[in-house]
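J.: For reference, this is query.pdb, and it has PDB, C-alpha atoms.
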ATOM      1  CA  MET A 186     -33.453  19.907   0.087
ATOM      2  CA  ILE A 187     -33.085  17.220  -2.535
ATOM      3  CA  ASP A 188     -33.798  13.582  -1.869
ATOM      4  CA  LYS A 189     -30.797  11.597  -0.757
ATOM      5  CA  ILE A 190     -29.893   7.939  -0.746
ATOM      6  CA  VAL A 191     -30.586   6.566   2.726
ATOM      7  CA  ASP A 192     -30.348   2.863   1.941
ATOM      8  CA  PRO A 193     -26.666   1.985   2.395
ATOM      9  CA  GLU A 194     -27.100  -0.871  -0.096
ATOM     10  CA  LYS A 195     -27.728   1.715  -2.800
ATOM     11  CA  LEU A 196     -24.618   3.745  -1.965
ATOM     12  CA  ARG A 197     -21.869   2.618  -4.273
ATOM     13  CA  HIS A 198     -18.250   1.909  -3.550
ATOM     14  CA  PHE A 199     -15.179   0.759  -5.451
ATOM     15  CA  PRO A 200     -14.009  -1.773  -6.174
ATOM     16  CA  PRO A 201     -17.103  -3.947  -5.622
ATOM     17  CA  GLY A 202     -16.432  -6.234  -2.673
ATOM     18  CA  GLY A 203     -13.443  -4.173  -1.593
ATOM     19  CA  GLY A 204      -9.944  -3.942  -2.971
ATOM     20  CA  LYS A 205      -6.553  -4.993  -1.766
ATOM     21  CA  ILE A 206      -3.162  -3.487  -2.423
ATOM     22  CA  GLU A 207      -0.662  -6.265  -3.004
ATOM     23  CA  LEU A 208       2.516  -5.710  -1.081
ATOM     24  CA  TYR A 209       5.082  -8.314  -0.151
ATOM     25  CA  TRP A 210       8.559  -7.985   1.208
ATOM     26  CA  LEU A 211      11.336 -10.172   2.478
ATOM     27  CA  TYR A 212      14.200  -8.870   4.544
ATOM     28  CA  THR A 213      17.225 -11.104   5.067
ATOM     29  CA  SER A 214      19.265 -10.599   8.205
ATOM     30  CA  GLY A 215      22.598 -10.685   6.370
ATOM     31  CA  LYS A 216      25.833 -12.494   7.136
ATOM     32  CA  ALA A 217      26.229 -11.293  10.713
ATOM     33  CA  GLY A 218      22.528 -11.485  11.507
ATOM     34  CA  ASN A 219      22.427 -14.999  10.125
ATOM     35  CA  GLU A 220      25.295 -16.070  12.368
ATOM     36  CA  PHE A 221      23.660 -14.388  15.366
ATOM     37  CA  PHE A 222      20.341 -16.216  14.949
ATOM     38  CA  ARG A 223      22.132 -19.514  14.270
ATOM     39  CA  LYS A 224      24.030 -19.205  17.552
ATOM     40  CA  LEU A 225      20.847 -18.128  19.319
ATOM     41  CA  ARG A 226      19.381 -21.544  18.538
ATOM     42  CA  GLU A 227      22.223 -22.995  20.596
ATOM     43  CA  GLY A 228      21.403 -20.540  23.367
ATOM     44  CA  LYS A 229      24.520 -18.466  22.709
ATOM     45  CA  PHE A 230      24.899 -14.758  22.105
ATOM     46  CA  ILE A 231      27.564 -13.315  19.834
ATOM     47  CA  ALA A 232      28.904  -9.854  19.213
ATOM     48  CA  ALA A 233      31.518  -8.617  16.741
ATOM     49  CA  ARG A 234      34.848  -6.990  17.537
ATOM     50  CA  CYS A 235      36.680  -4.739  15.089
ATOM     51  CA  LYS A 236      40.125  -6.161  14.364
ATOM     52  CA  LYS A 237      41.604  -2.671  14.146
ATOM     53  CA  CYS A 238      39.981  -0.418  16.751
ATOM     54  CA  GLY A 239      38.459  -3.037  19.038
ATOM     55  CA  ARG A 240      34.926  -1.623  19.066
ATOM     56  CA  ARG A 241      32.508  -4.346  20.098
ATOM     57  CA  TYR A 242      29.367  -4.367  17.984
ATOM     58  CA  PHE A 243      26.053  -5.708  19.147
ATOM     59  CA  PRO A 244      24.049  -6.657  17.099
ATOM     60  CA  PRO A 245      27.101  -8.086  15.282
ATOM     61  CA  ARG A 246      28.384  -6.466  12.090
ATOM     62  CA  ILE A 247      30.710  -7.865   9.446
ATOM     63  CA  PHE A 248      32.453  -4.504   8.992
ATOM     64  CA  CYS A 249      33.452  -1.795  11.434
ATOM     65  CA  GLU A 250      31.566   1.322  10.479
ATOM     66  CA  PHE A 251      34.365   3.617  11.673
ATOM     67  CA  ASP A 252      37.426   2.232   9.882
ATOM     68  CA  PHE A 253      35.876  -0.268   7.410
ATOM     69  CA  SER A 254      38.001  -3.022   8.854
ATOM     70  CA  GLU A 255      36.761  -6.578   9.194
ATOM     71  CA  THR A 256      35.397  -7.851  12.476
ATOM     72  CA  GLU A 257      35.562 -11.146  14.334
ATOM     73  CA  PHE A 258      32.691 -12.744  16.239
ATOM     74  CA  PHE A 259      33.023 -13.526  19.931
ATOM     75  CA  GLU A 260      30.675 -14.972  22.492
ATOM     76  CA  ILE A 261      28.959 -12.874  25.168
ATOM     77  CA  SER A 262      26.749 -13.802  28.085
ATOM     78  CA  GLY A 263      23.626 -12.057  26.822
ATOM     79  CA  GLU A 264      23.130 -10.320  30.132
ATOM     80  CA  GLY A 265      22.898  -6.576  30.235
ATOM     81  CA  CYS A 266      21.529  -3.593  32.058
ATOM     82  CA  VAL A 267      18.550  -1.352  31.394
ATOM     83  CA  GLU A 268      19.596   2.035  30.061
ATOM     84  CA  ALA A 269      16.143   3.426  29.398
ATOM     85  CA  PHE A 270      12.606   2.088  29.474
ATOM     86  CA  THR A 271       8.988   2.957  28.853
ATOM     87  CA  ILE A 272       5.770   1.230  29.899
ATOM     88  CA  ALA A 273       3.181   0.822  27.187
ATOM     89  CA  LYS A 274      -0.409   0.701  28.514
ATOM     90  CA  LEU A 275      -2.236   0.331  25.189
ATOM     91  CA  ASP A 276      -1.693  -2.003  22.273
ATOM     92  CA  LEU A 277      -1.860  -1.029  18.577
ATOM     93  CA  ASN A 278      -5.656  -1.151  18.640
ATOM     94  CA  GLU A 279      -5.788   0.901  21.854
ATOM     95  CA  ASN A 280      -6.847  -2.055  23.983
ATOM     96  CA  PRO A 281      -5.467  -1.982  27.525
ATOM     97  CA  MET A 282      -2.347  -4.049  28.141
ATOM     98  CA  GLU A 283       0.958  -3.597  29.877
ATOM     99  CA  GLU A 284       4.351  -4.106  28.345
ATOM    100  CA  ILE A 285       7.723  -2.808  29.391
ATOM    101  CA  ILE A 286       9.960  -1.834  26.495
ATOM    102  CA  ALA A 287      13.589  -1.217  27.395
ATOM    103  CA  LEU A 288      16.878  -0.259  25.803
ATOM    104  CA  ILE A 289      19.332  -2.808  27.126
ATOM    105  CA  LYS A 290      23.098  -2.394  26.984
ATOM    106  CA  LEU A 291      24.695  -5.814  26.670
ATOM    107  CA  GLU A 292      27.552  -6.701  28.932
ATOM    108  CA  GLY A 293      30.925  -6.857  27.210
ATOM    109  CA  THR A 294      29.789  -4.885  24.170
ATOM    110  CA  ASP A 295      29.253  -1.286  23.126
ATOM    111  CA  GLY A 296      25.873  -2.100  21.593
ATOM    112  CA  ARG A 297      22.300  -1.943  22.784
ATOM    113  CA  ILE A 298      19.138  -3.820  21.974
ATOM    114  CA  LEU A 299      15.525  -2.701  22.203
ATOM    115  CA  HIS A 300      13.435  -5.450  23.759
ATOM    116  CA  LEU A 301      10.724  -6.354  26.235
ATOM    117  CA  ILE A 302      11.147  -6.830  29.965
ATOM    118  CA  GLY A 303       9.151  -9.622  31.575
ATOM    119  CA  GLU A 304       8.702 -11.198  34.998
ATOM    120  CA  ALA A 305       9.516  -7.848  36.603
ATOM    121  CA  LYS A 306       7.492  -6.012  39.252
ATOM    122  CA  ASP A 307       9.637  -2.917  39.229
ATOM    123  CA  VAL A 308      11.888  -1.562  36.546
ATOM    124  CA  CYS A 309      14.685   0.882  37.104
ATOM    125  CA  ILE A 310      17.516   2.247  35.034
ATOM    126  CA  GLY A 311      20.650   0.221  35.698
ATOM    127  CA  MET A 312      18.726  -2.946  36.489
ATOM    128  CA  LYS A 313      20.574  -6.113  35.521
ATOM    129  CA  VAL A 314      18.633  -8.355  33.149
ATOM    130  CA  LYS A 315      19.158 -11.660  31.397
ATOM    131  CA  PRO A 316      17.456 -13.072  28.296
ATOM    132  CA  VAL A 317      14.707 -15.692  28.202
ATOM    133  CA  LEU A 318      14.750 -17.615  24.930
ATOM    134  CA  LYS A 319      11.987 -19.470  23.142
ATOM    135  CA  LYS A 320      12.140 -23.227  22.765
ATOM    136  CA  VAL A 321      14.384 -24.237  19.863
ATOM    137  CA  ASP A 322      11.523 -25.713  17.803
ATOM    138  CA  GLU A 323       9.555 -22.469  18.138
ATOM    139  CA  MET A 324      12.430 -20.308  16.902
ATOM    140  CA  THR A 325      11.922 -18.634  13.528
ATOM    141  CA  GLY A 326      15.170 -16.734  13.082
ATOM    142  CA  THR A 327      13.780 -13.370  14.091
ATOM    143  CA  ILE A 328      14.381 -11.138  17.096
ATOM    144  CA  SER A 329      11.290 -12.582  18.804
ATOM    145  CA  ASP A 330      13.342 -15.773  19.334
ATOM    146  CA  ILE A 331      14.263 -13.911  22.499
ATOM    147  CA  LYS A 332      10.994 -13.882  24.460
ATOM    148  CA  TYR A 333      11.999 -11.086  26.812
ATOM    149  CA  PHE A 334      14.638 -10.091  29.322
ATOM    150  CA  LYS A 335      14.041 -10.755  33.000
ATOM    151  CA  PRO A 336      15.740  -9.353  36.092
ATOM    152  CA  VAL A 337      18.759 -11.294  37.304
TER     153      VAL A 337
ATOM    154  CA  MET B 151      11.095 -11.716  -6.009
ATOM    155  CA  ALA B 152      14.007  -9.297  -5.739
ATOM    156  CA  VAL B 153      16.538 -11.800  -4.484
ATOM    157  CA  GLY B 154      20.010 -12.226  -5.911
ATOM    158  CA  LYS B 155      23.108 -10.383  -6.912
ATOM    159  CA  LYS B 156      22.601  -7.078  -8.670
ATOM    160  CA  GLU B 157      24.683  -5.744 -11.549
ATOM    161  CA  ILE B 158      26.469  -3.113  -9.478
ATOM    162  CA  SER B 159      30.216  -2.669  -9.559
ATOM    163  CA  CYS B 160      31.950  -2.487  -6.206
ATOM    164  CA  PRO B 161      35.428  -3.180  -4.805
ATOM    165  CA  PRO B 162      36.067  -6.926  -4.306
ATOM    166  CA  SER B 163      36.303  -6.457  -0.559
ATOM    167  CA  ALA B 164      32.764  -5.083  -0.458
ATOM    168  CA  GLU B 165      31.176  -7.654  -2.734
ATOM    169  CA  GLY B 166      27.885  -8.954  -1.403
ATOM    170  CA  THR B 167      26.785 -12.510  -0.891
ATOM    171  CA  GLY B 168      24.452 -13.699  -3.602
ATOM    172  CA  LEU B 169      21.282 -15.491  -2.597
ATOM    173  CA  SER B 170      19.240 -17.899  -4.643
ATOM    174  CA  ASP B 171      15.542 -18.634  -4.277
ATOM    175  CA  ALA B 172      16.552 -22.023  -2.848
ATOM    176  CA  ASP B 173      18.394 -20.297   0.024
ATOM    177  CA  ILE B 174      15.093 -18.694   0.981
ATOM    178  CA  SER B 175      12.843 -21.712   0.432
ATOM    179  CA  GLN B 176      15.198 -24.111   2.235
ATOM    180  CA  LYS B 177      15.691 -21.563   5.040
ATOM    181  CA  ASN B 178      19.473 -21.515   4.670
ATOM    182  CA  VAL B 179      19.371 -17.873   5.693
ATOM    183  CA  THR B 180      17.297 -16.114   8.320
ATOM    184  CA  TYR B 181      14.819 -13.592   7.066
ATOM    185  CA  PHE B 182      11.674 -11.740   7.960
ATOM    186  CA  GLU B 183       8.802 -11.572   5.517
ATOM    187  CA  ASP B 184       5.491  -9.812   5.567
ATOM    188  CA  HIS B 185       2.409  -9.530   3.434
ATOM    189  CA  PRO B 186       0.539  -6.570   4.906
ATOM    190  CA  ASN B 187      -3.218  -6.549   4.580
ATOM    191  CA  LEU B 188      -3.891  -3.270   2.798
ATOM    192  CA  ALA B 189      -7.614  -3.380   2.181
ATOM    193  CA  TYR B 190      -9.427  -0.362   0.805
ATOM    194  CA  SER B 191     -12.835   0.690  -0.351
ATOM    195  CA  TRP B 192     -13.662   3.972  -2.030
ATOM    196  CA  THR B 193     -17.207   5.280  -1.651
ATOM    197  CA  ALA B 194     -18.749   7.028  -4.605
ATOM    198  CA  GLY B 195     -20.860   9.351  -2.450
ATOM    199  CA  GLN B 196     -24.457  10.552  -2.849
ATOM    200  CA  ALA B 197     -24.297  12.074  -6.318
ATOM    201  CA  MET B 198     -22.142   9.497  -8.057
ATOM    202  CA  SER B 199     -24.052   6.610  -6.433
ATOM    203  CA  ARG B 200     -27.320   7.917  -7.846
ATOM    204  CA  PHE B 201     -25.651   8.496 -11.220
ATOM    205  CA  LEU B 202     -24.393   4.901 -11.327
ATOM    206  CA  ASN B 203     -27.730   3.475 -10.208
ATOM    207  CA  GLU B 204     -29.496   5.455 -12.974
ATOM    208  CA  LEU B 205     -27.099   4.009 -15.573
ATOM    209  CA  LYS B 206     -28.789   0.679 -14.903
ATOM    210  CA  ASN B 207     -32.049   2.234 -16.189
ATOM    211  CA  GLY B 208     -30.255   3.568 -19.256
ATOM    212  CA  LYS B 209     -30.475   7.170 -18.138
ATOM    213  CA  LEU B 210     -27.934   9.906 -17.482
ATOM    214  CA  ILE B 211     -28.651  12.117 -14.499
ATOM    215  CA  ALA B 212     -27.166  15.488 -13.625
ATOM    216  CA  THR B 213     -27.686  17.968 -10.813
ATOM    217  CA  LYS B 214     -28.822  21.551 -11.074
ATOM    218  CA  CYS B 215     -27.900  24.683  -9.162
ATOM    219  CA  GLU B 216     -30.683  27.305  -9.235
ATOM    220  CA  LYS B 217     -28.320  30.136  -8.358
ATOM    221  CA  CYS B 218     -25.781  29.839 -11.164
ATOM    222  CA  ARG B 219     -28.249  27.907 -13.353
ATOM    223  CA  ARG B 220     -25.669  25.310 -14.217
ATOM    224  CA  VAL B 221     -26.498  21.689 -14.933
ATOM    225  CA  ILE B 222     -23.632  19.800 -13.359
ATOM    226  CA  PHE B 223     -22.492  16.587 -15.023
ATOM    227  CA  PRO B 224     -21.055  14.290 -13.744
ATOM    228  CA  PRO B 225     -23.381  15.140 -10.850
ATOM    229  CA  ARG B 226     -22.122  16.747  -7.683
ATOM    230  CA  ILE B 227     -24.036  17.166  -4.436
ATOM    231  CA  TYR B 228     -22.510  20.613  -3.917
ATOM    232  CA  CYS B 229     -22.109  23.566  -6.289
ATOM    233  CA  GLU B 230     -18.457  24.511  -6.110
ATOM    234  CA  LEU B 231     -19.072  28.012  -7.548
ATOM    235  CA  CYS B 232     -22.031  29.071  -5.384
ATOM    236  CA  TYR B 233     -20.773  27.145  -2.382
ATOM    237  CA  LYS B 234     -24.163  25.659  -1.584
ATOM    238  CA  PRO B 235     -25.955  22.331  -1.909
ATOM    239  CA  ILE B 236     -27.466  21.691  -5.344
ATOM    240  CA  ASP B 237     -31.209  22.154  -5.812
ATOM    241  CA  ASP B 238     -32.468  19.446  -8.112
ATOM    242  CA  TRP B 239     -31.805  16.342 -10.147
ATOM    243  CA  VAL B 240     -32.339  16.474 -13.920
ATOM    244  CA  TYR B 241     -32.212  13.770 -16.543
ATOM    245  CA  ILE B 242     -30.138  14.639 -19.593
ATOM    246  CA  LYS B 243     -29.868  13.128 -23.073
ATOM    247  CA  ASP B 244     -27.432  10.427 -24.077
ATOM    248  CA  THR B 245     -26.008  12.474 -26.935
ATOM    249  CA  GLY B 246     -23.075  14.841 -26.748
ATOM    250  CA  VAL B 247     -20.149  16.603 -28.356
ATOM    251  CA  VAL B 248     -16.492  15.542 -28.374
ATOM    252  CA  GLN B 249     -14.601  18.163 -26.432
ATOM    253  CA  THR B 250     -11.181  16.594 -26.736
ATOM    254  CA  PHE B 251      -9.848  13.181 -27.662
ATOM    255  CA  SER B 252      -6.786  11.001 -27.856
ATOM    256  CA  ILE B 253      -6.004   7.883 -29.862
ATOM    257  CA  SER B 254      -4.247   5.182 -27.919
ATOM    258  CA  PHE B 255      -2.293   2.436 -29.681
ATOM    259  CA  ILE B 256      -1.197   0.679 -26.491
ATOM    260  CA  ASP B 257      -2.999  -0.939 -23.580
ATOM    261  CA  PRO B 258      -2.383  -0.151 -19.867
ATOM    262  CA  ASP B 259       0.612  -2.544 -19.889
ATOM    263  CA  ALA B 260       2.083  -0.684 -22.886
ATOM    264  CA  LYS B 261       1.425  -3.635 -25.211
ATOM    265  CA  PRO B 262       0.470  -2.729 -28.791
ATOM    266  CA  LEU B 263      -3.239  -2.927 -29.550
ATOM    267  CA  GLU B 264      -4.588  -4.517 -32.718
ATOM    268  CA  LYS B 265      -7.213  -1.833 -32.992
ATOM    269  CA  PRO B 266      -6.498   1.632 -31.526
ATOM    270  CA  VAL B 267      -8.806   2.935 -28.808
ATOM    271  CA  ILE B 268     -10.233   6.437 -29.088
ATOM    272  CA  VAL B 269     -10.601   8.045 -25.681
ATOM    273  CA  ALA B 270     -12.578  11.274 -25.528
ATOM    274  CA  VAL B 271     -14.047  13.798 -23.141
ATOM    275  CA  ILE B 272     -17.695  14.159 -24.092
ATOM    276  CA  THR B 273     -19.900  17.112 -23.141
ATOM    277  CA  ILE B 274     -23.451  15.863 -22.816
ATOM    278  CA  ASP B 275     -26.350  17.732 -24.417
ATOM    279  CA  GLY B 276     -28.275  19.475 -21.679
ATOM    280  CA  ALA B 277     -25.318  19.840 -19.341
ATOM    281  CA  SER B 278     -23.493  23.143 -18.957
ATOM    282  CA  PRO B 279     -20.424  23.699 -21.149
ATOM    283  CA  ASN B 280     -16.924  22.671 -20.108
ATOM    284  CA  MET B 281     -18.167  19.652 -18.209
ATOM    285  CA  GLY B 282     -18.054  16.124 -19.437
ATOM    286  CA  ILE B 283     -17.171  12.532 -18.916
ATOM    287  CA  MET B 284     -14.330  10.514 -20.308
ATOM    288  CA  HIS B 285     -15.346   7.602 -22.474
ATOM    289  CA  ILE B 286     -14.530   5.542 -25.549
ATOM    290  CA  ILE B 287     -15.575   6.327 -29.121
ATOM    291  CA  ASP B 288     -16.069   3.512 -31.621
ATOM    292  CA  GLU B 289     -17.686   2.712 -34.988
ATOM    293  CA  VAL B 290     -15.528   5.403 -36.596
ATOM    294  CA  GLU B 291     -12.078   5.546 -38.235
ATOM    295  CA  PRO B 292      -9.580   7.178 -35.863
ATOM    296  CA  GLU B 293      -8.648   9.705 -38.605
ATOM    297  CA  LYS B 294     -12.239  10.878 -38.864
ATOM    298  CA  VAL B 295     -12.701  11.913 -35.233
ATOM    299  CA  TYR B 296     -12.667  15.656 -34.632
ATOM    300  CA  ILE B 297     -13.354  18.066 -31.810
ATOM    301  CA  GLY B 298     -16.972  19.111 -31.998
ATOM    302  CA  MET B 299     -18.152  15.790 -33.440
ATOM    303  CA  ARG B 300     -21.651  14.826 -32.290
ATOM    304  CA  VAL B 301     -21.863  11.406 -30.662
ATOM    305  CA  LYS B 302     -24.504   9.133 -29.181
ATOM    306  CA  ALA B 303     -24.196   6.532 -26.431
ATOM    307  CA  VAL B 304     -24.384   2.835 -27.295
ATOM    308  CA  TRP B 305     -25.865   1.070 -24.265
ATOM    309  CA  ARG B 306     -25.491  -2.499 -23.217
ATOM    310  CA  PRO B 307     -28.710  -4.560 -23.244
ATOM    311  CA  GLU B 308     -30.661  -3.958 -20.043
ATOM    312  CA  SER B 309     -30.001  -7.463 -18.708
ATOM    313  CA  GLU B 310     -26.222  -6.935 -18.891
ATOM    314  CA  ARG B 311     -26.154  -3.586 -17.104
ATOM    315  CA  LYS B 312     -24.499  -3.537 -13.704
ATOM    316  CA  GLY B 313     -24.732   0.126 -12.760
ATOM    317  CA  THR B 314     -21.189   0.961 -13.806
ATOM    318  CA  ILE B 315     -19.827   3.401 -16.376
ATOM    319  CA  THR B 316     -19.230   0.454 -18.724
ATOM    320  CA  ASP B 317     -23.026   0.076 -19.020
ATOM    321  CA  ILE B 318     -22.419   2.452 -21.901
ATOM    322  CA  LYS B 319     -20.342   0.320 -24.291
ATOM    323  CA  TYR B 320     -19.015   3.255 -26.268
ATOM    324  CA  TRP B 321     -20.172   6.376 -28.105
ATOM    325  CA  LYS B 322     -20.743   6.407 -31.857
ATOM    326  CA  PRO B 323     -20.976   9.302 -34.293
ATOM    327  CA  LEU B 324     -24.490  10.666 -34.794
ATOM    328  CA  GLU B 325     -24.107  11.778 -38.421
ATOM    329  CA  GLY B 326     -23.203   9.494 -41.279
TER     330      GLY B 326
END
Before we go any further, please render this structure as structure tokens.
T.:
Amino acid sequence: MIDKIVDPEKLRHFPPGGGKIELYWLYTSGKAGNEFFRKLREGKFIAARCKKCGRRYFPPRIFCEFDFSETEFFEISGEGCVEAFTIAKLDLNENPMEEIIALIKLEGTDGRILHLIGEAKDVCIGMKVKPVLKKVDEMTGTISDIKYFKPV
Amino acid sequence: MAVGKKEISCPPSAEGTGLSDADISQKNVTYFEDHPNLAYSWTAGQAMSRFLNELKNGKLIATKCEKCRRVIFPPRIYCELCYKPIDDWVYIKDTGVVQTFSISFIDPDAKPLEKPVIVAVITIDGASPNMGIMHIIDEVEPEKVYIGMRVKAVWRPESERKGTITDIKYWKPLEG
């Protein structure tokens, strides 16, 4: 056997002191997304209705994806019902935690939103839920402006 | 920052909404931004670590396999032909032969260089054939470099050496 380096200080690595890959991105929410988050600050929810076929989009869209027609925004309650859910027991670093992630169909629309369920002891499919929003000064214009949905 | 209208033709009905940097900085639009922390560190391993540490002493070190009798340079901890760990370390000379070379007139950003750089693969004397390191050749006209040219390492002064491959400044022709 040949002699090997056992002192980790003498083992070399690159780049010295560690390297970093620069990566930066910015994703704008678009016309409809912008309007949605603006209304959310007022505590209102909006969806979009196709002027031609009447499909109700949530999250709102500026165009109908079936007949390319324009849409109009309308207000909804924000309440919905759980269509599917899963309970996460570990976080990204595998530390124990508990979070309920649910697919929620919003009342008065054909769209669904993936979000957290809070303040709930039991979850079941078909459960009615309503949103809990952050305080206006804490809102950042992202989907986490909605804290979670809680049972009605 | 890739913000703003692109030069793409599209029907007027589908024209996008242009954004300026001010729209972002003044938060006129909602957006999500991220700057992921992608840290990395690449370890050189046993053989290359020793090789780099020896550069600080002004020496080139190779490894030897007793079975195929090859002197492996740059050093490896494992003989890839015999499929076994190497047997010994050996010091080799700092002279060699140009195995192949290329003359570069541009830098990594494709900007023209005032003085062209000669990049070569150099087989070191004492190491087995068809093995070598890539380095720079200097003190010679680019037209006068040829395959098979004998070269010698030009080392940095001992106080400036850091244990990196740039401890050898460049290689210069032995003859003439």
J.: Neighbouring residues of Phe230 in chain A were defined as those with any atom within 8 Å, considering only C-alpha atoms; residues of the same chain fewer than 3 positions away were excluded. Please report them as a list in words.
T.: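 Counting only C-alpha atoms, the residues come to Phe221, Lys224, Leu225, Glu260, Ile261, Ser262 and Gly263 of chain A.
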J.: Evaluated on this file, the PyMOL selection byres ((chain B and resi 298-305) around 8) picks out some residues - which ones are they, written as a list in words?
T.: Gly208, Asp244, Thr245, Gly246, Val247, Val248, Gln249, Val295, Tyr296, Ile297, Arg306, Pro307, Asp317, Ile318, Lys319, Tyr320, Trp321, Lys322, Pro323, Leu324 and Glu325 of chain B
J.: Which residues fall under the ChimeraX specification (/A :<10) & /B in this file, as an MDAnalysis selection string?
T.: chainID B and resid 151:153 163:164 166:167 169 174 177:203 213 227 235:239 313:314
J.: Would you compute the distance between CA of Pro258 in chain B and CA of Ser309 in chain B? Give it in Å to one decimal.
T.: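 One can read the CA of Pro258 in chain B to CA of Ser309 in chain B distance as 28.6 Å.
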J.: With only C-alpha atoms as the basis for distance, which of A:Arg241, A:Gly311, A:Gly228, A:Pro193 is at the shortest distance from Gly293 in chain A?
T.: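 Ranking A:Arg241, A:Gly311, A:Gly228, A:Pro193 by distance to Gly293 in chain A, first place goes to A:Arg241.
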J.: Please list, as a ChimeraX atom specification, the residues that have an atom at most 10 Å away from (20.7, -0.8, 34.8) in the coordinates of this file, counting only C-alpha atoms.
T.: /A:265-269,288-290,308-314,336
J.: One decimal, in Å: what's the spacing between CA of Ile286 in chain A and CA of Phe334 in chain A?
T.: 9.9 Å
J.: What's around Cys238 in chain A at 12 Å? Count only C-alpha atoms, leave out sequence neighbours fewer than 3 positions away in its own chain, and write the answer as a ChimeraX atom specification.
T.: /A:233-235,241-242,248-257
J.: What would the file look like if the residues just selected were written as a PDB file, in the frame of the given file with C-alpha atoms?
T.:
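Below is the file that was written, out_3.pdb:
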ATOM      1  CA  ALA A 233      31.518  -8.617  16.741  1.00  0.00           C
ATOM      2  CA  ARG A 234      34.848  -6.990  17.537  1.00  0.00           C
ATOM      3  CA  CYS A 235      36.680  -4.739  15.089  1.00  0.00           C
ATOM      4  CA  ARG A 241      32.508  -4.346  20.098  1.00  0.00           C
ATOM      5  CA  TYR A 242      29.367  -4.367  17.984  1.00  0.00           C
ATOM      6  CA  PHE A 248      32.453  -4.504   8.992  1.00  0.00           C
ATOM      7  CA  CYS A 249      33.452  -1.795  11.434  1.00  0.00           C
ATOM      8  CA  GLU A 250      31.566   1.322  10.479  1.00  0.00           C
ATOM      9  CA  PHE A 251      34.365   3.617  11.673  1.00  0.00           C
ATOM     10  CA  ASP A 252      37.426   2.232   9.882  1.00  0.00           C
ATOM     11  CA  PHE A 253      35.876  -0.268   7.410  1.00  0.00           C
ATOM     12  CA  SER A 254      38.001  -3.022   8.854  1.00  0.00           C
ATOM     13  CA  GLU A 255      36.761  -6.578   9.194  1.00  0.00           C
ATOM     14  CA  THR A 256      35.397  -7.851  12.476  1.00  0.00           C
ATOM     15  CA  GLU A 257      35.562 -11.146  14.334  1.00  0.00           C
TER      16      GLU A 257
END
J.: Quick one, how far is CA of Ile268 in chain B from CA of Asp288 in chain B?
T.: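 Here the two named atoms are 7.0 Å from each other.
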J.: Measuring atom to atom with all atoms listed in the file, identify which of B:Asp259, B:Glu291, B:Asp275, B:Glu310 is nearest to Ile222 in chain B.
T.: B:Asp275
J.: Would you please work out which residue, of A:Phe258, A:Asp322, A:Leu277, A:Ile331, is nearest to Leu299 in chain A when using all atoms listed in the file?
T.: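 The shortest atom-to-atom distance to Leu299 in chain A comes from A:Ile331.
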J.: Using only C-alpha atoms, which of the listed residues (A:Lys335, A:Arg297, A:Lys274, A:Arg226) sits closest to Phe243 in chain A?
T.: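 The answer is A:Arg297, which sits nearest to Phe243 in chain A.
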J.: If you take every atom of range 253-267 of chain A that the file lists and fit an axis-aligned box around them with 8 Å extra on each side, what centre and edge lengths come out in Å to one decimal, as JSON?
T.:
{"center_x": 28.3, "center_y": -7.6, "center_z": 19.7, "size_x": 35.5, "size_y": 30.7, "size_z": 40.6}
J.: Kindly indicate which residue among A:Asn278, A:Asp295, A:Ala273, A:Asp192 lies nearest to Arg240 in chain A, using all atoms listed in the file for the distances.
T.: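 Smallest separation from Arg240 in chain A among the options: A:Asp295.
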J.: For the structure provided, state which residues fall under the PyMOL selection byres ((chain A and resi 301) around 7), and present them as a list in words.
T.: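 So the PyMOL selection byres ((chain A and resi 301) around 7), applied here, picks out Ile285, Ile286, Ala287, His300, Ile302, Gly303, Tyr333 and Phe334 of chain A.
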J.: Got a sec: who's within 10 Å of Cys218 in chain B, counting all atoms listed in the file, leaving out chain neighbours fewer than 2 positions off, as an mmCIF file with C-alpha atoms, in the coordinates of the input?
T.:
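Result file follows (result_17.cif):
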data_model
loop_
_atom_site.group_PDB
_atom_site.id
_atom_site.type_symbol
_atom_site.label_atom_id
_atom_site.label_comp_id
_atom_site.auth_asym_id
_atom_site.auth_seq_id
_atom_site.Cartn_x
_atom_site.Cartn_y
_atom_site.Cartn_z
ATOM 1 C CA LYS B 214 -28.822 21.551 -11.074
ATOM 2 C CA CYS B 215 -27.900 24.683 -9.162
ATOM 3 C CA GLU B 216 -30.683 27.305 -9.235
ATOM 4 C CA ARG B 220 -25.669 25.310 -14.217
ATOM 5 C CA VAL B 221 -26.498 21.689 -14.933
ATOM 6 C CA CYS B 229 -22.109 23.566 -6.289
ATOM 7 C CA LEU B 231 -19.072 28.012 -7.548
ATOM 8 C CA CYS B 232 -22.031 29.071 -5.384
#
J.: Would you please take range 307-320 of chain A of the structure in the block above and write C-alpha atoms to a file as an mmCIF file, in the first residue's frame?
T.:
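That gives us decode.cif:
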data_model
loop_
_atom_site.group_PDB
_atom_site.id
_atom_site.type_symbol
_atom_site.label_atom_id
_atom_site.label_comp_id
_atom_site.auth_asym_id
_atom_site.auth_seq_id
_atom_site.Cartn_x
_atom_site.Cartn_y
_atom_site.Cartn_z
ATOM 1 C CA ASP A 307 -59.540 16.256 10.021
ATOM 2 C CA VAL A 308 -59.424 16.590 6.283
ATOM 3 C CA CYS A 309 -61.751 14.871 3.887
ATOM 4 C CA ILE A 310 -62.472 15.108 0.201
ATOM 5 C CA GLY A 311 -65.412 17.434 -0.359
ATOM 6 C CA MET A 312 -64.669 19.507 2.724
ATOM 7 C CA LYS A 313 -65.650 23.153 2.360
ATOM 8 C CA VAL A 314 -62.785 25.576 2.945
ATOM 9 C CA LYS A 315 -62.263 29.316 2.919
ATOM 10 C CA PRO A 316 -59.054 31.327 2.511
ATOM 11 C CA VAL A 317 -57.075 33.042 5.262
ATOM 12 C CA LEU A 318 -55.114 35.997 3.910
ATOM 13 C CA LYS A 319 -51.977 37.656 5.209
ATOM 14 C CA LYS A 320 -52.094 41.198 6.521
#
